[in-house]
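Below: protein_16.json (JSON, N, CA and C atoms)
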[["chain", "number", "residue", "atom", "x", "y", "z"],
["S", 1, "LYS", "N", -4.50, 3.56, 19.71],
["S", 1, "LYS", "CA", -3.77, 2.45, 20.32],
["S", 1, "LYS", "C", -3.42, 1.44, 19.25],
["S", 2, "ARG", "N", -2.21, 0.88, 19.31],
["S", 2, "ARG", "CA", -1.81, -0.14, 18.36],
["S", 2, "ARG", "C", -2.47, -1.46, 18.71],
["S", 3, "GLY", "N", -2.87, -2.18, 17.68],
["S", 3, "GLY", "CA", -3.45, -3.49, 17.88],
["S", 3, "GLY", "C", -4.85, -3.47, 18.45],
["S", 4, "SER", "N", -5.44, -2.31, 18.54],
["S", 4, "SER", "CA", -6.79, -2.20, 19.08],
["S", 4, "SER", "C", -7.79, -2.77, 18.09],
["S", 5, "ALA", "N", -8.61, -3.67, 18.55],
["S", 5, "ALA", "CA", -9.60, -4.30, 17.67],
["S", 5, "ALA", "C", -10.85, -3.44, 17.52],
["S", 6, "ALA", "N", -11.00, -2.46, 18.40],
["S", 6, "ALA", "CA", -12.19, -1.61, 18.35],
["S", 6, "ALA", "C", -12.14, -0.71, 17.12],
["S", 7, "ARG", "N", -13.26, -0.57, 16.48],
["S", 7, "ARG", "CA", -13.37, 0.29, 15.30],
["S", 7, "ARG", "C", -14.24, 1.49, 15.67],
["S", 8, "VAL", "N", -13.82, 2.64, 15.21],
["S", 8, "VAL", "CA", -14.58, 3.85, 15.44],
["S", 8, "VAL", "C", -15.27, 4.19, 14.13],
["S", 9, "SER", "N", -16.58, 4.41, 14.19],
["S", 9, "SER", "CA", -17.28, 4.74, 12.96],
["S", 9, "SER", "C", -17.44, 6.24, 12.86],
["S", 10, "ARG", "N", -17.52, 6.70, 11.62],
["S", 10, "ARG", "CA", -17.64, 8.13, 11.34],
["S", 10, "ARG", "C", -19.02, 8.64, 11.74],
["S", 11, "VAL", "N", -19.06, 9.89, 12.18],
["S", 11, "VAL", "CA", -20.31, 10.55, 12.53],
["S", 11, "VAL", "C", -20.77, 11.32, 11.30],
["S", 12, "ILE", "N", -22.00, 11.11, 10.90],
["S", 12, "ILE", "CA", -22.56, 11.81, 9.74],
["S", 12, "ILE", "C", -23.79, 12.58, 10.22],
["S", 13, "LYS", "N", -23.80, 13.86, 9.91],
["S", 13, "LYS", "CA", -24.94, 14.70, 10.29],
["S", 13, "LYS", "C", -25.58, 15.26, 9.04],
["S", 14, "LYS", "N", -26.77, 15.83, 9.22],
["S", 14, "LYS", "CA", -27.47, 16.45, 8.11],
["S", 14, "LYS", "C", -26.71, 17.68, 7.64],
["S", 15, "LYS", "N", -26.96, 18.05, 6.39],
["S", 15, "LYS", "CA", -26.31, 19.21, 5.80],
["S", 15, "LYS", "C", -26.56, 20.44, 6.65],
["S", 16, "GLY", "N", -25.49, 21.17, 6.93],
["S", 16, "GLY", "CA", -25.62, 22.39, 7.72],
["S", 16, "GLY", "C", -25.39, 22.20, 9.20],
["S", 17, "GLU", "N", -25.46, 20.97, 9.69],
["S", 17, "GLU", "CA", -25.23, 20.72, 11.11],
["S", 17, "GLU", "C", -23.73, 20.60, 11.36],
["S", 18, "LEU", "N", -23.26, 21.23, 12.42],
["S", 18, "LEU", "CA", -21.84, 21.18, 12.77],
["S", 18, "LEU", "C", -21.57, 20.00, 13.70],
["S", 19, "LEU", "N", -20.37, 19.48, 13.59],
["S", 19, "LEU", "CA", -19.97, 18.38, 14.46],
["S", 19, "LEU", "C", -19.44, 18.93, 15.77],
["S", 20, "THR", "N", -19.68, 18.19, 16.84],
["S", 20, "THR", "CA", -19.12, 18.56, 18.14],
["S", 20, "THR", "C", -17.65, 18.14, 18.15],
["S", 21, "GLU", "N", -16.88, 18.61, 19.09],
["S", 21, "GLU", "CA", -15.46, 18.24, 19.19],
["S", 21, "GLU", "C", -15.28, 16.72, 19.32],
["S", 22, "PRO", "N", -16.06, 16.04, 20.19],
["S", 22, "PRO", "CA", -15.90, 14.58, 20.25],
["S", 22, "PRO", "C", -16.24, 13.90, 18.93],
["S", 23, "GLU", "N", -17.22, 14.42, 18.19],
["S", 23, "GLU", "CA", -17.57, 13.84, 16.89],
["S", 23, "GLU", "C", -16.45, 14.07, 15.88],
["S", 24, "LYS", "N", -15.84, 15.27, 15.92],
["S", 24, "LYS", "CA", -14.70, 15.55, 15.03],
["S", 24, "LYS", "C", -13.55, 14.60, 15.33],
["S", 25, "LYS", "N", -13.30, 14.39, 16.62],
["S", 25, "LYS", "CA", -12.22, 13.49, 17.03],
["S", 25, "LYS", "C", -12.51, 12.06, 16.57],
["S", 26, "ALA", "N", -13.75, 11.62, 16.73],
["S", 26, "ALA", "CA", -14.14, 10.27, 16.30],
["S", 26, "ALA", "C", -13.95, 10.12, 14.79],
["S", 27, "ASN", "N", -14.33, 11.16, 14.03],
["S", 27, "ASN", "CA", -14.15, 11.12, 12.57],
["S", 27, "ASN", "C", -12.67, 11.05, 12.21],
["S", 28, "HIS", "N", -11.86, 11.82, 12.92],
["S", 28, "HIS", "CA", -10.42, 11.82, 12.64],
["S", 28, "HIS", "C", -9.82, 10.44, 12.92],
["S", 29, "ILE", "N", -10.20, 9.86, 14.04],
["S", 29, "ILE", "CA", -9.70, 8.53, 14.41],
["S", 29, "ILE", "C", -10.12, 7.50, 13.36],
["S", 30, "ALA", "N", -11.37, 7.56, 12.95],
["S", 30, "ALA", "CA", -11.87, 6.61, 11.94],
["S", 30, "ALA", "C", -11.13, 6.78, 10.62],
["S", 31, "SER", "N", -10.89, 8.02, 10.22],
["S", 31, "SER", "CA", -10.17, 8.28, 8.96],
["S", 31, "SER", "C", -8.74, 7.76, 9.04],
["S", 32, "GLU", "N", -8.10, 7.98, 10.17],
["S", 32, "GLU", "CA", -6.72, 7.52, 10.35],
["S", 32, "GLU", "C", -6.64, 5.99, 10.35],
["S", 33, "GLN", "N", -7.61, 5.34, 10.98],
["S", 33, "GLN", "CA", -7.63, 3.87, 10.98],
["S", 33, "GLN", "C", -7.81, 3.34, 9.56],
["S", 34, "LYS", "N", -8.66, 3.99, 8.78],
["S", 34, "LYS", "CA", -8.88, 3.57, 7.39],
["S", 34, "LYS", "C", -7.61, 3.76, 6.58],
["S", 35, "ARG", "N", -6.93, 4.89, 6.78],
["S", 35, "ARG", "CA", -5.69, 5.16, 6.06],
["S", 35, "ARG", "C", -4.64, 4.10, 6.39],
["S", 36, "ARG", "N", -4.48, 3.79, 7.67],
["S", 36, "ARG", "CA", -3.50, 2.77, 8.08],
["S", 36, "ARG", "C", -3.84, 1.40, 7.51],
["S", 37, "MET", "N", -5.12, 1.07, 7.50],
["S", 37, "MET", "CA", -5.55, -0.23, 6.96],
["S", 37, "MET", "C", -5.21, -0.30, 5.46],
["S", 38, "ASN", "N", -5.45, 0.77, 4.73],
["S", 38, "ASN", "CA", -5.14, 0.79, 3.30],
["S", 38, "ASN", "C", -3.64, 0.63, 3.05],
["S", 39, "ILE", "N", -2.82, 1.24, 3.89],
["S", 39, "ILE", "CA", -1.37, 1.08, 3.77],
["S", 39, "ILE", "C", -0.99, -0.36, 4.03],
["S", 40, "ARG", "N", -1.56, -0.97, 5.09],
["S", 40, "ARG", "CA", -1.27, -2.37, 5.41],
["S", 40, "ARG", "C", -1.65, -3.29, 4.25],
["S", 41, "VAL", "N", -2.81, -3.04, 3.65],
["S", 41, "VAL", "CA", -3.27, -3.85, 2.52],
["S", 41, "VAL", "C", -2.28, -3.72, 1.36],
["S", 42, "GLY", "N", -1.80, -2.50, 1.11],
["S", 42, "GLY", "CA", -0.83, -2.28, 0.04],
["S", 42, "GLY", "C", 0.45, -3.05, 0.28],
["S", 43, "TYR", "N", 0.97, -3.03, 1.50],
["S", 43, "TYR", "CA", 2.18, -3.79, 1.81],
["S", 43, "TYR", "C", 1.92, -5.29, 1.68],
["S", 44, "ASP", "N", 0.76, -5.75, 2.11],
["S", 44, "ASP", "CA", 0.42, -7.17, 1.97],
["S", 44, "ASP", "C", 0.39, -7.58, 0.50],
["S", 45, "GLN", "N", -0.14, -6.70, -0.36],
["S", 45, "GLN", "CA", -0.18, -7.00, -1.79],
["S", 45, "GLN", "C", 1.23, -7.06, -2.37],
["S", 46, "LEU", "N", 2.11, -6.17, -1.94],
["S", 46, "LEU", "CA", 3.49, -6.21, -2.42],
["S", 46, "LEU", "C", 4.17, -7.52, -1.99],
["S", 47, "ILE", "N", 3.91, -7.95, -0.76],
["S", 47, "ILE", "CA", 4.49, -9.22, -0.29],
["S", 47, "ILE", "C", 4.04, -10.38, -1.17],
["S", 48, "GLN", "N", 2.78, -10.35, -1.62],
["S", 48, "GLN", "CA", 2.27, -11.43, -2.47],
["S", 48, "GLN", "C", 2.85, -11.38, -3.88],
["S", 49, "ILE", "N", 3.13, -10.18, -4.39],
["S", 49, "ILE", "CA", 3.56, -10.01, -5.78],
["S", 49, "ILE", "C", 5.06, -10.19, -5.96],
["S", 50, "VAL", "N", 5.85, -9.65, -5.03],
["S", 50, "VAL", "CA", 7.31, -9.67, -5.17],
["S", 50, "VAL", "C", 7.83, -11.04, -4.72],
["S", 51, "PRO", "N", 8.46, -11.79, -5.65],
["S", 51, "PRO", "CA", 8.87, -13.17, -5.32],
["S", 51, "PRO", "C", 9.92, -13.29, -4.23],
["S", 52, "THR", "N", 10.71, -12.26, -3.99],
["S", 52, "THR", "CA", 11.76, -12.36, -2.98],
["S", 52, "THR", "C", 11.28, -11.99, -1.58],
["S", 53, "LEU", "N", 9.99, -11.72, -1.43],
["S", 53, "LEU", "CA", 9.42, -11.38, -0.12],
["S", 53, "LEU", "C", 8.60, -12.54, 0.42],
["S", 54, "THR", "N", 8.59, -12.66, 1.73],
["S", 54, "THR", "CA", 7.75, -13.66, 2.40],
["S", 54, "THR", "C", 6.86, -12.96, 3.41],
["S", 55, "PRO", "N", 5.73, -13.57, 3.78],
["S", 55, "PRO", "CA", 4.83, -12.95, 4.76],
["S", 55, "PRO", "C", 5.49, -12.63, 6.10],
["S", 56, "SER", "N", 6.57, -13.32, 6.43],
["S", 56, "SER", "CA", 7.24, -13.05, 7.71],
["S", 56, "SER", "C", 8.07, -11.78, 7.67],
["S", 57, "GLN", "N", 8.30, -11.24, 6.47],
["S", 57, "GLN", "CA", 9.08, -10.01, 6.34],
["S", 57, "GLN", "C", 8.14, -8.81, 6.43],
["S", 58, "ARG", "N", 8.07, -8.19, 7.60],
["S", 58, "ARG", "CA", 7.12, -7.11, 7.83],
["S", 58, "ARG", "C", 7.78, -5.74, 7.87],
["S", 59, "SER", "N", 9.08, -5.66, 7.62],
["S", 59, "SER", "CA", 9.75, -4.37, 7.63],
["S", 59, "SER", "C", 9.34, -3.59, 6.38],
["S", 60, "GLU", "N", 8.73, -2.43, 6.59],
["S", 60, "GLU", "CA", 8.27, -1.62, 5.46],
["S", 60, "GLU", "C", 9.44, -1.20, 4.58],
["S", 61, "ALA", "N", 10.57, -0.87, 5.20],
["S", 61, "ALA", "CA", 11.75, -0.47, 4.44],
["S", 61, "ALA", "C", 12.23, -1.62, 3.56],
["S", 62, "LEU", "N", 12.26, -2.83, 4.09],
["S", 62, "LEU", "CA", 12.68, -4.00, 3.32],
["S", 62, "LEU", "C", 11.70, -4.29, 2.18],
["S", 63, "ILE", "N", 10.42, -4.18, 2.47],
["S", 63, "ILE", "CA", 9.41, -4.41, 1.44],
["S", 63, "ILE", "C", 9.59, -3.43, 0.29],
["S", 64, "LEU", "N", 9.79, -2.16, 0.60],
["S", 64, "LEU", "CA", 9.99, -1.16, -0.45],
["S", 64, "LEU", "C", 11.29, -1.41, -1.22],
["S", 65, "GLN", "N", 12.36, -1.74, -0.51],
["S", 65, "GLN", "CA", 13.65, -2.00, -1.15],
["S", 65, "GLN", "C", 13.55, -3.17, -2.12],
["S", 66, "LYS", "N", 12.97, -4.28, -1.66],
["S", 66, "LYS", "CA", 12.85, -5.47, -2.52],
["S", 66, "LYS", "C", 11.90, -5.21, -3.69],
["S", 67, "THR", "N", 10.88, -4.38, -3.48],
["S", 67, "THR", "CA", 9.95, -4.04, -4.55],
["S", 67, "THR", "C", 10.66, -3.24, -5.63],
["S", 68, "VAL", "N", 11.48, -2.28, -5.24],
["S", 68, "VAL", "CA", 12.24, -1.49, -6.22],
["S", 68, "VAL", "C", 13.20, -2.40, -7.00],
["S", 69, "GLU", "N", 13.88, -3.31, -6.30],
["S", 69, "GLU", "CA", 14.78, -4.25, -6.97],
["S", 69, "GLU", "C", 14.01, -5.10, -7.98],
["S", 70, "TYR", "N", 12.83, -5.55, -7.62],
["S", 70, "TYR", "CA", 12.03, -6.40, -8.50],
["S", 70, "TYR", "C", 11.56, -5.61, -9.73],
["S", 71, "ILE", "N", 11.17, -4.36, -9.53],
["S", 71, "ILE", "CA", 10.74, -3.54, -10.67],
["S", 71, "ILE", "C", 11.91, -3.31, -11.62],
["S", 72, "LYS", "N", 13.09, -3.03, -11.08],
["S", 72, "LYS", "CA", 14.28, -2.86, -11.93],
["S", 72, "LYS", "C", 14.57, -4.13, -12.70],
["S", 73, "TYR", "N", 14.43, -5.27, -12.05],
["S", 73, "TYR", "CA", 14.63, -6.57, -12.71],
["S", 73, "TYR", "C", 13.63, -6.75, -13.85],
["S", 74, "LEU", "N", 12.36, -6.43, -13.61],
["S", 74, "LEU", "CA", 11.33, -6.57, -14.64],
["S", 74, "LEU", "C", 11.60, -5.65, -15.83],
["S", 75, "ILE", "N", 12.06, -4.44, -15.56],
["S", 75, "ILE", "CA", 12.39, -3.51, -16.64],
["S", 75, "ILE", "C", 13.54, -4.06, -17.48],
["S", 76, "MET", "N", 14.55, -4.60, -16.81],
["S", 76, "MET", "CA", 15.68, -5.20, -17.53],
["S", 76, "MET", "C", 15.22, -6.38, -18.38],
["S", 77, "GLU", "N", 14.39, -7.23, -17.81],
["S", 77, "GLU", "CA", 13.87, -8.39, -18.54],
["S", 77, "GLU", "C", 13.08, -7.95, -19.78],
["S", 78, "ARG", "N", 12.27, -6.92, -19.62],
["S", 78, "ARG", "CA", 11.49, -6.41, -20.75],
["S", 78, "ARG", "C", 12.40, -5.90, -21.86],
["S", 79, "GLU", "N", 13.45, -5.17, -21.47],
["S", 79, "GLU", "CA", 14.40, -4.64, -22.46],
["S", 79, "GLU", "C", 15.09, -5.78, -23.20],
["S", 80, "ILE", "N", 15.44, -6.82, -22.51],
["S", 80, "ILE", "CA", 16.07, -8.00, -23.15],
["S", 80, "ILE", "C", 15.11, -8.64, -24.13],
["S", 81, "LEU", "N", 13.86, -8.84, -23.72],
["S", 81, "LEU", "CA", 12.86, -9.45, -24.60],
["S", 81, "LEU", "C", 12.58, -8.58, -25.82],
["S", 82, "GLU", "N", 12.53, -7.26, -25.61],
["S", 82, "GLU", "CA", 12.32, -6.36, -26.75],
["S", 82, "GLU", "C", 13.47, -6.46, -27.73],
["S", 83, "GLY", "N", 14.69, -6.56, -27.22],
["S", 83, "GLY", "CA", 15.87, -6.73, -28.08],
["S", 83, "GLY", "C", 15.81, -8.04, -28.86],
["S", 84, "GLN", "N", 15.39, -9.10, -28.19],
["S", 84, "GLN", "CA", 15.26, -10.40, -28.87],
["S", 84, "GLN", "C", 14.20, -10.36, -29.96],
["S", 85, "MET", "N", 13.11, -9.64, -29.69],
["S", 85, "MET", "CA", 12.05, -9.52, -30.70],
["S", 85, "MET", "C", 12.55, -8.75, -31.92],
["S", 86, "LYS", "N", 13.31, -7.69, -31.70],
["S", 86, "LYS", "CA", 13.86, -6.92, -32.80],
["S", 86, "LYS", "C", 14.81, -7.77, -33.64],
["S", 87, "GLU", "N", 15.62, -8.57, -32.97],
["S", 87, "GLU", "CA", 16.56, -9.46, -33.68],
["S", 87, "GLU", "C", 15.82, -10.52, -34.48],
["S", 88, "ALA", "N", 14.74, -11.04, -33.92],
["S", 88, "ALA", "CA", 13.97, -12.08, -34.60],
["S", 88, "ALA", "C", 13.25, -11.53, -35.81],
["S", 89, "ASN", "N", 12.91, -10.24, -35.78],
["S", 89, "ASN", "CA", 12.19, -9.63, -36.90],
["S", 89, "ASN", "C", 13.10, -9.18, -38.02],
["S", 90, "ARG", "N", 14.40, -9.32, -37.89],
["S", 90, "ARG", "CA", 15.32, -8.90, -38.96],
["S", 90, "ARG", "C", 15.45, -9.96, -40.01]]

So that I can check it, write out the structure of this file as C-alpha coordinates.
Amino acid sequence: KRGSAARVSRVIKKKGELLTEPEKKANHIASEQKRRMNIRVGYDQLIQIVPTLTPSQRSEALILQKTVEYIKYLIMEREILEGQMKEANR
(Lines of atoms letter the chains of each structure in order from A and count residues from 1; the text may use other names and numbers.)
(Lines give C-alpha, C1' and ligand atoms only; values in the text may rest on other atoms or scores of the structure.)
Protein backbone atom coordinates (compact mmCIF):
# COMPACT_ATOMS: atom_id res chain seq x y z
CA LYS A 1 0.00 0.00 0.00
CA ARG A 2 1.25 3.50 -0.78
CA GLY A 3 1.81 5.79 2.16
CA SER A 4 1.50 2.94 4.62
CA ALA A 5 3.33 3.77 7.82
CA ALA A 6 3.47 0.14 8.90
CA ARG A 7 6.85 -1.51 8.53
CA VAL A 8 7.28 -5.20 7.91
CA SER A 9 10.37 -6.75 9.42
CA ARG A 10 12.30 -9.59 7.86
CA VAL A 11 11.95 -13.12 9.21
CA ILE A 12 15.26 -14.73 10.12
CA LYS A 13 15.50 -18.43 10.90
CA LYS A 14 18.33 -20.72 11.90
CA LYS A 15 20.54 -22.19 9.21
CA GLY A 16 18.78 -25.02 7.41
CA GLU A 17 15.26 -23.98 8.41
CA LEU A 18 12.92 -23.17 5.53
CA LEU A 19 10.64 -20.17 5.51
CA THR A 20 6.88 -20.60 5.28
CA GLU A 21 5.02 -18.87 2.43
CA PRO A 22 3.78 -16.05 4.72
CA GLU A 23 7.36 -15.55 5.98
CA LYS A 24 8.66 -15.43 2.39
CA LYS A 25 6.00 -12.87 1.54
CA ALA A 26 6.87 -10.78 4.61
CA ASN A 27 10.56 -10.87 3.62
CA HIS A 28 9.72 -9.82 0.07
CA ILE A 29 7.57 -6.93 1.29
CA ALA A 30 10.30 -5.78 3.69
CA SER A 31 12.94 -5.95 0.95
CA GLU A 32 10.76 -3.99 -1.46
CA GLN A 33 10.06 -1.31 1.17
CA LYS A 34 13.79 -0.97 1.82
CA ARG A 35 14.50 -0.69 -1.91
CA ARG A 36 11.85 2.02 -2.35
CA MET A 37 13.15 3.93 0.67
CA ASN A 38 16.70 3.86 -0.75
CA ILE A 39 15.42 5.22 -4.08
CA ARG A 40 13.52 8.00 -2.26
CA VAL A 41 16.65 8.91 -0.29
CA GLY A 42 18.64 9.07 -3.54
CA TYR A 43 16.13 11.43 -5.15
CA ASP A 44 16.09 13.57 -2.00
CA GLN A 45 19.88 13.82 -2.16
CA LEU A 46 19.73 14.89 -5.81
CA ILE A 47 17.19 17.59 -4.91
CA GLN A 48 19.63 18.92 -2.28
CA ILE A 49 22.67 18.84 -4.60
CA VAL A 50 21.27 20.12 -7.91
CA PRO A 51 20.78 23.91 -7.62
CA THR A 52 17.92 24.08 -10.13
CA LEU A 53 15.75 21.67 -8.12
CA THR A 54 13.49 22.47 -5.18
CA PRO A 55 11.92 20.11 -2.62
CA SER A 56 8.50 20.76 -4.18
CA GLN A 57 9.66 19.17 -7.44
CA ARG A 58 8.90 15.48 -6.88
CA SER A 59 8.73 14.29 -10.50
CA GLU A 60 11.39 11.61 -10.86
CA ALA A 61 11.69 12.34 -14.59
CA LEU A 62 12.28 16.05 -13.89
CA ILE A 63 14.81 15.28 -11.16
CA LEU A 64 16.78 13.03 -13.52
CA GLN A 65 16.57 15.52 -16.40
CA LYS A 66 17.79 18.45 -14.27
CA THR A 67 20.53 16.26 -12.77
CA VAL A 68 21.85 15.35 -16.23
CA GLU A 69 21.78 19.04 -17.24
CA TYR A 70 23.71 19.96 -14.08
CA ILE A 71 26.34 17.26 -14.67
CA LYS A 72 26.82 18.47 -18.26
CA TYR A 73 27.20 22.02 -16.93
CA LEU A 74 29.81 20.89 -14.38
CA ILE A 75 31.77 19.04 -17.07
CA MET A 76 31.76 22.15 -19.26
CA GLU A 77 32.88 24.31 -16.33
CA ARG A 78 35.73 21.91 -15.57
CA GLU A 79 36.87 21.97 -19.20
CA ILE A 80 36.89 25.77 -19.16
CA LEU A 81 38.90 25.87 -15.93
CA GLU A 82 41.37 23.30 -17.27
CA GLY A 83 41.83 25.45 -20.38
CA GLN A 84 42.43 28.54 -18.23
CA MET A 85 45.01 26.65 -16.16
CA LYS A 86 46.85 25.56 -19.30
CA GLU A 87 46.88 29.15 -20.57
CA ALA A 88 48.15 30.44 -17.23
CA ASN A 89 50.98 27.91 -17.22
CA ARG A 90 52.34 29.04 -20.61

Fill in: Secondary structure check, alpha helix (DSSP H) residues of chain S, as an MDAnalysis selection string
chainID S and resid 21:49 60:88

For the interface of region 5-48 of chain S with region 52-70 of chain S (cut-off 12 Å, counting only C-alpha atoms), please tabulate each contacting residue of region 5-48 of chain S alongside its nearest pair of atoms and their separation in Å to one decimal, rows sorted by chain and increasing number, as JSON lines.
{"residue": "S:Ile39", "atom": "CA", "partner": "S:Glu60", "partner_atom": "CA", "distance": 10.2}
{"residue": "S:Arg40", "atom": "CA", "partner": "S:Glu60", "partner_atom": "CA", "distance": 9.6}
{"residue": "S:Gly42", "atom": "CA", "partner": "S:Ile63", "partner_atom": "CA", "distance": 10.6}
{"residue": "S:Tyr43", "atom": "CA", "partner": "S:Ile63", "partner_atom": "CA", "distance": 7.3}
{"residue": "S:Asp44", "atom": "CA", "partner": "S:Pro55", "partner_atom": "CA", "distance": 7.8}
{"residue": "S:Gln45", "atom": "CA", "partner": "S:Pro55", "partner_atom": "CA", "distance": 10.2}
{"residue": "S:Leu46", "atom": "CA", "partner": "S:Thr67", "partner_atom": "CA", "distance": 7.1}
{"residue": "S:Ile47", "atom": "CA", "partner": "S:Leu53", "partner_atom": "CA", "distance": 5.4}
{"residue": "S:Gln48", "atom": "CA", "partner": "S:Leu53", "partner_atom": "CA", "distance": 7.5}

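Atom pair atom C of Ile29 (chain S) / atom C of Arg10 (chain S) has a distance of 9.1 Å (rounded to one decimal).
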
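We find atom N of Val11 (chain S) and atom C of Ala26 (chain S) to be spaced 5.7 Å apart.
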
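Interatomic distance, atom N of Leu18 (chain S) against atom C of Ser31 (chain S): 20.1 Å.
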
Can region 26-46 of chain S be brought up to N, CA, C and O atoms and written out as an mmCIF file, in the frame of the given file?
data_model
loop_
_atom_site.group_PDB
_atom_site.id
_atom_site.type_symbol
_atom_site.label_atom_id
_atom_site.label_comp_id
_atom_site.auth_asym_id
_atom_site.auth_seq_id
_atom_site.Cartn_x
_atom_site.Cartn_y
_atom_site.Cartn_z
ATOM 1 N N ALA S 26 -13.750 11.620 16.730
ATOM 2 C CA ALA S 26 -14.140 10.270 16.300
ATOM 3 C C ALA S 26 -13.950 10.120 14.790
ATOM 4 O O ALA S 26 -13.463 9.097 14.312
ATOM 5 N N ASN S 27 -14.330 11.160 14.030
ATOM 6 C CA ASN S 27 -14.150 11.120 12.570
ATOM 7 C C ASN S 27 -12.670 11.050 12.210
ATOM 8 O O ASN S 27 -12.282 10.313 11.302
ATOM 9 N N HIS S 28 -11.860 11.820 12.920
ATOM 10 C CA HIS S 28 -10.420 11.820 12.640
ATOM 11 C C HIS S 28 -9.820 10.440 12.920
ATOM 12 O O HIS S 28 -9.042 9.923 12.125
ATOM 13 N N ILE S 29 -10.200 9.860 14.040
ATOM 14 C CA ILE S 29 -9.700 8.530 14.410
ATOM 15 C C ILE S 29 -10.120 7.500 13.360
ATOM 16 O O ILE S 29 -9.317 6.683 12.927
ATOM 17 N N ALA S 30 -11.370 7.560 12.950
ATOM 18 C CA ALA S 30 -11.870 6.610 11.940
ATOM 19 C C ALA S 30 -11.130 6.780 10.620
ATOM 20 O O ALA S 30 -10.747 5.790 9.971
ATOM 21 N N SER S 31 -10.890 8.020 10.220
ATOM 22 C CA SER S 31 -10.170 8.280 8.960
ATOM 23 C C SER S 31 -8.740 7.760 9.040
ATOM 24 O O SER S 31 -8.223 7.180 8.092
ATOM 25 N N GLU S 32 -8.100 7.980 10.170
ATOM 26 C CA GLU S 32 -6.720 7.520 10.350
ATOM 27 C C GLU S 32 -6.640 5.990 10.350
ATOM 28 O O GLU S 32 -5.735 5.407 9.764
ATOM 29 N N GLN S 33 -7.610 5.340 10.980
ATOM 30 C CA GLN S 33 -7.630 3.870 10.980
ATOM 31 C C GLN S 33 -7.810 3.340 9.560
ATOM 32 O O GLN S 33 -7.169 2.367 9.168
ATOM 33 N N LYS S 34 -8.660 3.990 8.780
ATOM 34 C CA LYS S 34 -8.880 3.570 7.390
ATOM 35 C C LYS S 34 -7.610 3.760 6.580
ATOM 36 O O LYS S 34 -7.233 2.897 5.790
ATOM 37 N N ARG S 35 -6.930 4.890 6.780
ATOM 38 C CA ARG S 35 -5.690 5.160 6.060
ATOM 39 C C ARG S 35 -4.640 4.100 6.390
ATOM 40 O O ARG S 35 -3.994 3.545 5.502
ATOM 41 N N ARG S 36 -4.480 3.790 7.670
ATOM 42 C CA ARG S 36 -3.500 2.770 8.080
ATOM 43 C C ARG S 36 -3.840 1.400 7.510
ATOM 44 O O ARG S 36 -2.953 0.656 7.093
ATOM 45 N N MET S 37 -5.120 1.070 7.500
ATOM 46 C CA MET S 37 -5.550 -0.230 6.960
ATOM 47 C C MET S 37 -5.210 -0.300 5.460
ATOM 48 O O MET S 37 -4.721 -1.319 4.983
ATOM 49 N N ASN S 38 -5.450 0.770 4.730
ATOM 50 C CA ASN S 38 -5.140 0.790 3.300
ATOM 51 C C ASN S 38 -3.640 0.630 3.050
ATOM 52 O O ASN S 38 -3.238 -0.061 2.113
ATOM 53 N N ILE S 39 -2.820 1.240 3.890
ATOM 54 C CA ILE S 39 -1.370 1.080 3.770
ATOM 55 C C ILE S 39 -0.990 -0.360 4.030
ATOM 56 O O ILE S 39 -0.196 -0.957 3.290
ATOM 57 N N ARG S 40 -1.560 -0.970 5.090
ATOM 58 C CA ARG S 40 -1.270 -2.370 5.410
ATOM 59 C C ARG S 40 -1.650 -3.290 4.250
ATOM 60 O O ARG S 40 -0.915 -4.208 3.890
ATOM 61 N N VAL S 41 -2.810 -3.040 3.650
ATOM 62 C CA VAL S 41 -3.270 -3.850 2.520
ATOM 63 C C VAL S 41 -2.280 -3.720 1.360
ATOM 64 O O VAL S 41 -1.929 -4.697 0.704
ATOM 65 N N GLY S 42 -1.800 -2.500 1.110
ATOM 66 C CA GLY S 42 -0.830 -2.280 0.040
ATOM 67 C C GLY S 42 0.450 -3.050 0.280
ATOM 68 O O GLY S 42 0.982 -3.693 -0.648
ATOM 69 N N TYR S 43 0.970 -3.030 1.500
ATOM 70 C CA TYR S 43 2.180 -3.790 1.810
ATOM 71 C C TYR S 43 1.920 -5.290 1.680
ATOM 72 O O TYR S 43 2.770 -6.033 1.175
ATOM 73 N N ASP S 44 0.760 -5.750 2.110
ATOM 74 C CA ASP S 44 0.420 -7.170 1.970
ATOM 75 C C ASP S 44 0.390 -7.580 0.500
ATOM 76 O O ASP S 44 0.842 -8.667 0.132
ATOM 77 N N GLN S 45 -0.140 -6.700 -0.360
ATOM 78 C CA GLN S 45 -0.180 -7.000 -1.790
ATOM 79 C C GLN S 45 1.230 -7.060 -2.370
ATOM 80 O O GLN S 45 1.527 -7.927 -3.198
ATOM 81 N N LEU S 46 2.110 -6.170 -1.940
ATOM 82 C CA LEU S 46 3.490 -6.210 -2.420
ATOM 83 C C LEU S 46 4.170 -7.520 -1.990
ATOM 84 O O LEU S 46 4.893 -8.133 -2.778
#
